[in-house]
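Structure, as structure tokens:
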Amino acid sequence: MKKYFNLFDLKQKVDYKLEVLSGLTVALALVPEAVAFALIAGLSPLTGLYAAFVMGLVSSILGGRPGMISGATGAVAVVIVSLAISHGAEYIFATVILAGLIQMSAGFLRLGKLMRLVPHPVIFGFVNGLAIIIFMSQLNQFKDINGAWLTGNSLYILVVLVVLTMLIIWGLPKLTRVVPASLVAIIVVFGVVTFFEIDTKTVGDIASIQGGFPPFHIPEIPFNLDTLILIFPYAVIMAGVGLIESLLTLNIIDEITETRGRGNKEAVAQGIANVCSGFFSGMGGCAMLGQSLINISSGARARFSGIVAAIMLLVFIMFGSGLIEKLPMAALTGLMIMVAIGTFEWASLRTFKRMPKSDIFVMITVTLVTVILHNLALAVIVGVIIAALVFAWDNAKRIRARKHIDENGIKHYEIYGPLFFGSVTAFNEKFDVLNDPDEVIIDFEESRVVDMSAIEALNKLTERYDKVGKKIHLKHLSADCRLLLKNADKIIDVNVVEDPTYKVVVDKI
């Protein structure tokens with residue numbers, strides 16, 4: 001009978017053996033990724049490895065999504081590369097610390113709930129774009145040190161080993177799930193390469209990972225206003241990129257595991273992790289969708305796998321660098337290609353014929369921005385803006401007015417559809433002020449007054465009727481709408497039908 005342990009989370013049952021094996025698999029996959037992202041950022045490999053250790057450990061212990069893996073990421077590397085080139089690593093460490101403080105503030109202010117505003121097509125585009133990036137980044141392994149494509153035996157050997165890795169990861173779960181298929185694939189390929197003394201690219205060919213415990217280090221920079229002005233824009237962008245990628249990853253893992261993470265808690269944890277990373281010589285980072293999916297697909301569901309991954313990564317750095325540097329890159333390449341295949345939302349392609357054209361456009365746009373610019377935050381922001389504009393446009397066309405004149409000669413306008421900034425023009429076109437009878441009733445029972453643009457439209461409409469000496473009644477307006485309307489006591493009929501209690505959205509200064 002399997003033994004389960006409650007660790008850090010009393011509600012979460014932990015399969016200790018599975019968590020350890022999953023964590024070990026993730027740690028192996030983290031090594032080349034962390035090294036590659038550090039090099040992209042123009043920093044030493046150890047800054048990426050230290051960031052992966054600190055980010056992974058702190059976010060696993062304190063984060064709001066058990067099973068999610070954090071570390072050095074390409075999205076963060078792209079943000080800080082220009083600062084690293086121009087001012088060096090010390091300014092990067094200070095930027096990471098400041099970005100962490102910003103993320104903590106976002107978490108304390110409970111801004112994680114803003115992720116509810118991200119539409120599903122944006123998430124599809126984000127995930128598909130990230131899957132393509134993961135796949136394309138593996139193509140570098142098929143090139144030599146000069147950037148030329150491999151040919152001959154070197155290419156054939158690499159392809160065979162990559163395919164072998166992928167077959168094991170695909171086929172082993174059909175036979176047994178006792179151990180993670182990814183770990184078995186890495187061990188088998190490593191054994192084949194070692195036993196047959198196959199000459200192929202290894203982790204050590206990328207860079208040495210040997211080092212010690214991450215040293216505590218206060219950034220050696222001038223602590224003045226000029227420094228703050230320099231690093232603040234980078235810190236804000238880094239904090240935003242990190243939070244968006246982390247919270248989207250959290251939502252995706254939530255869907256896979258059918259559980260619910262805590263976005264605000266994760267934002268605080270990411271901030272604390274980045275602050276610690278900056279003080280311990282790391283380049284900072286955020287949640288990693290690829291490694292998180294490796295962990296989840298291996299069966300991990302609790303915090304312990306992330307803790308094991310971080311600790312094992314540190315063990316590799318301090319004691320096992322010689323062995324880890326011998327791992328064939330083909331095994332890790334095959335693993336990441338399978339992650340890319342598993343990450344891509346293939347279901348999104350099958351829904352093309354059923355999805356609205358606007359949603360398809362949003363999804364493709366987010367995917368293209370992600371792939372072309374490698375800027376996940378910008379891709380998500382662009383997608384949200386486009387989706388919001390489409391939503392506003394569609395709702396602006398839904399404002400309608402049913403018109404009739406009763407037996408007393410009073411004209412009724414029964415409004416349905418939301419009244420907001422986008423629908424104000426169409427709303428005003430519904431009324432014939434000059435030709436209407438002396439008394440008019442405008443009924444908002446099937447409508448909602450949404451914002452200040454709508455309130456201003458009502459004010460102007462009532463003024464137009466007042467100028468021609470006609471009496472107007474506004475029915476079914478909420479109390480706050482009445483307060484915002486000029487001369488409300490003269491124009492609102494509160495005796496006909498009970499008014500609603502919804503609130504209009506306004507900015508209070």
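Residues are referred to by chain and number: the chain letter is A, B, ... according to the order shown in the structure tokens, the number counts from 1 in that chain, and ligands are numbered separately from 1 in the order shown.
Look at Ile399 in chain A: the protein and nucleic acid residues within 10 Å of it, using only C-alpha atoms and passing over chain neighbours fewer than 6 places away, are Ile415, Tyr416, Gly417, Pro418, Leu419, Phe420, Gly422, Ser423, Val424, Thr425, Ala426, Phe427, Lys430 and Ser447 of chain A.
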Could those residues be written to a file, using N, CA and C atoms, as a short mmCIF file (atom, residue, chain, number, x, y, z; two decimals), in the first residue's frame?
data_model
loop_
_atom_site.label_atom_id
_atom_site.label_comp_id
_atom_site.auth_asym_id
_atom_site.auth_seq_id
_atom_site.Cartn_x
_atom_site.Cartn_y
_atom_site.Cartn_z
N ILE A 415 -35.81 50.68 -23.35
CA ILE A 415 -34.42 50.47 -23.75
C ILE A 415 -33.95 49.08 -23.31
N TYR A 416 -33.30 48.41 -24.20
CA TYR A 416 -32.62 47.17 -23.79
C TYR A 416 -31.24 47.11 -24.43
N GLY A 417 -30.31 46.50 -23.69
CA GLY A 417 -28.90 46.52 -24.06
C GLY A 417 -28.14 47.50 -23.18
N PRO A 418 -26.83 47.30 -22.98
CA PRO A 418 -26.06 48.15 -22.08
C PRO A 418 -25.82 49.54 -22.66
N LEU A 419 -25.94 50.55 -21.80
CA LEU A 419 -25.63 51.92 -22.19
C LEU A 419 -24.28 52.29 -21.60
N PHE A 420 -23.30 52.44 -22.46
CA PHE A 420 -21.94 52.78 -22.03
C PHE A 420 -21.29 53.60 -23.12
N GLY A 422 -19.46 53.11 -25.59
CA GLY A 422 -19.50 52.63 -26.97
C GLY A 422 -20.88 52.71 -27.60
N SER A 423 -21.93 52.71 -26.79
CA SER A 423 -23.29 52.68 -27.34
C SER A 423 -24.01 54.02 -27.23
N VAL A 424 -23.33 55.05 -26.72
CA VAL A 424 -23.96 56.36 -26.51
C VAL A 424 -24.49 56.94 -27.83
N THR A 425 -23.68 56.88 -28.89
CA THR A 425 -24.10 57.45 -30.18
C THR A 425 -25.36 56.77 -30.70
N ALA A 426 -25.37 55.45 -30.69
CA ALA A 426 -26.55 54.71 -31.15
C ALA A 426 -27.76 55.01 -30.27
N PHE A 427 -27.54 55.18 -28.97
CA PHE A 427 -28.62 55.50 -28.03
C PHE A 427 -29.27 56.83 -28.38
N LYS A 430 -31.86 57.09 -31.18
CA LYS A 430 -33.18 56.47 -31.02
C LYS A 430 -34.29 57.49 -30.78
N SER A 447 -32.15 47.41 -19.43
CA SER A 447 -30.87 48.02 -19.78
C SER A 447 -30.07 48.28 -18.51
#
query = Where does DSSP see helix (DSSP H, G or I) in range 138-195 of chain A, if you list the residues as JSON, numbers by chain?
reply = {"A": [138, 139, 140, 141, 142, 152, 153, 154, 155, 156, 157, 158, 159, 160, 161, 162, 163, 164, 165, 166, 167, 168, 169, 170, 171, 172, 173, 174, 175, 181, 182, 183, 184, 185, 186, 187, 188, 189, 190, 191, 192, 193, 194, 195]}
Counting only C-alpha atoms, what is within 12 Å of Leu389 in chain A, bar same-chain residues fewer than 3 positions away, as a PDB file with C-alpha atoms, in the first residue's frame?
ATOM      1  CA  SER A 358     -12.828  37.763 -33.532  1.00  0.00           C
ATOM      2  CA  ASP A 359     -11.685  35.053 -31.092  1.00  0.00           C
ATOM      3  CA  VAL A 362      -7.153  37.273 -31.002  1.00  0.00           C
ATOM      4  CA  VAL A 382      -2.300  43.037 -26.859  1.00  0.00           C
ATOM      5  CA  GLY A 383      -4.716  40.110 -26.807  1.00  0.00           C
ATOM      6  CA  VAL A 384      -6.704  41.505 -23.873  1.00  0.00           C
ATOM      7  CA  ILE A 385      -6.935  44.943 -25.505  1.00  0.00           C
ATOM      8  CA  ILE A 386      -8.149  43.504 -28.812  1.00  0.00           C
ATOM      9  CA  ALA A 392     -17.156  46.840 -26.588  1.00  0.00           C
ATOM     10  CA  TRP A 393     -17.916  47.073 -30.312  1.00  0.00           C
ATOM     11  CA  ASP A 394     -20.278  44.100 -30.223  1.00  0.00           C
ATOM     12  CA  ASN A 395     -22.144  45.455 -27.192  1.00  0.00           C
ATOM     13  CA  ALA A 396     -22.282  48.943 -28.669  1.00  0.00           C
ATOM     14  CA  PHE A 421     -19.355  54.850 -23.879  1.00  0.00           C
ATOM     15  CA  GLY A 422     -19.501  52.627 -26.967  1.00  0.00           C
TER      16      GLY A 422
END
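Straight-line separation from CA of Leu250 in chain A to CA of Phe279 in chain A: 25.8 Å.
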Would you list the contacts of Leu39 in chain A as a PDB file with C-alpha atoms, in the first residue's frame, taking every protein, DNA or RNA residue within 10 Å and counting only C-alpha atoms, but skipping same-chain residues closer than 3 positions in sequence?
ATOM      1  CA  GLU A  33      17.328  25.845 -19.554  1.00  0.00           C
ATOM      2  CA  ALA A  34      18.824  27.955 -16.756  1.00  0.00           C
ATOM      3  CA  VAL A  35      22.237  28.020 -18.454  1.00  0.00           C
ATOM      4  CA  ALA A  36      20.732  28.970 -21.822  1.00  0.00           C
ATOM      5  CA  GLY A  42      24.459  38.171 -21.183  1.00  0.00           C
ATOM      6  CA  LEU A  43      25.227  36.775 -17.732  1.00  0.00           C
ATOM      7  CA  SER A  44      27.309  33.883 -16.410  1.00  0.00           C
ATOM      8  CA  PRO A  45      25.650  30.432 -16.334  1.00  0.00           C
ATOM      9  CA  LEU A  46      25.725  30.359 -12.535  1.00  0.00           C
ATOM     10  CA  THR A  47      23.449  33.406 -12.292  1.00  0.00           C
ATOM     11  CA  GLY A  48      20.781  31.407 -14.111  1.00  0.00           C
ATOM     12  CA  ALA A  77      16.144  37.246 -19.883  1.00  0.00           C
ATOM     13  CA  VAL A  81      19.651  41.718 -21.574  1.00  0.00           C
ATOM     14  CA  ILE A 206      27.226  24.303 -23.352  1.00  0.00           C
ATOM     15  CA  ALA A 207      28.915  25.559 -20.171  1.00  0.00           C
TER      16      ALA A 207
END
query = What is the CA of Thr200 in chain A-CA of Pro328 in chain A distance in Å, reported with one decimal?
reply = 6.7 Å
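Between CA of Glu220 in chain A and CA of Val236 in chain A lies a distance of 20.7 Å.
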Between range 249-367 of chain A and range 150-173 of chain A, at 8 Å or less, what are the per-residue closest atom pairs and their distances in Å? Count only C-alpha atoms, order by chain and rising residue number, and return it as a Markdown table.
| residue | atom | partner | partner_atom | distance |
| --- | --- | --- | --- | --- |
| A:Ala330 | CA | A:Val162 | CA | 5.0 |
| A:Ala331 | CA | A:Thr165 | CA | 5.7 |
| A:Thr333 | CA | A:Val162 | CA | 6.5 |
| A:Gly334 | CA | A:Val162 | CA | 4.6 |
| A:Leu335 | CA | A:Met166 | CA | 6.5 |
| A:Ile337 | CA | A:Met166 | CA | 7.8 |
| A:Met338 | CA | A:Met166 | CA | 6.4 |
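With only C-alpha atoms as the atoms that count, the residue of A:Leu368, A:Ala41, A:Met329, A:Ala287 with the shortest distance to Ser86 in chain A is A:Ala41.
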key: Every residue of range 404-460 of chain A that DSSP places in strand (DSSP E), as a list in words   = His404, Ile405, Lys411, His412, Tyr413, Glu414, Ile415, Tyr416, Gly417, Pro418, Leu419, Glu439, Val440, Ile441, Ile442, Asp443, Phe444, Glu445, Glu446, Ser447, Arg448 and Val449 of chain A
message = Which residues are near Glu445 in chain A? Cut-off 8 Å, only C-alpha atoms, ignore same chain within fewer than 3 positions. Put them as a list in words.
response = Glu414, Ile415, Tyr416, Arg448, Lys475, His476, Leu477 and Pro500 of chain A
query = Given the choices A:Val380, A:Leu18, A:Leu458, A:Val315, which gets closest to Leu183 in chain A if the distance is worked out from only C-alpha atoms?
reply = A:Leu18
message = Using only C-alpha atoms, which protein or nucleic acid residues come within 12 Å of Pro215 in chain A? Drop anything in the same chain fewer than 2 positions from it, and give the result as an MDAnalysis selection string.
response = chainID A and resid 46:47 50:51 54 211:213 217:219 276:282
query = Nearest to Gln141 in chain A: which of A:Met336, A:Ile123, A:Ser321, A:Ala38 is it, counting only C-alpha atoms?
reply = A:Met336
ask   = Which one is closest to Ala300 in chain A: A:Phe391, A:Thr257, A:Pro32, A:Ile102? Count only C-alpha atoms.
value = A:Thr257
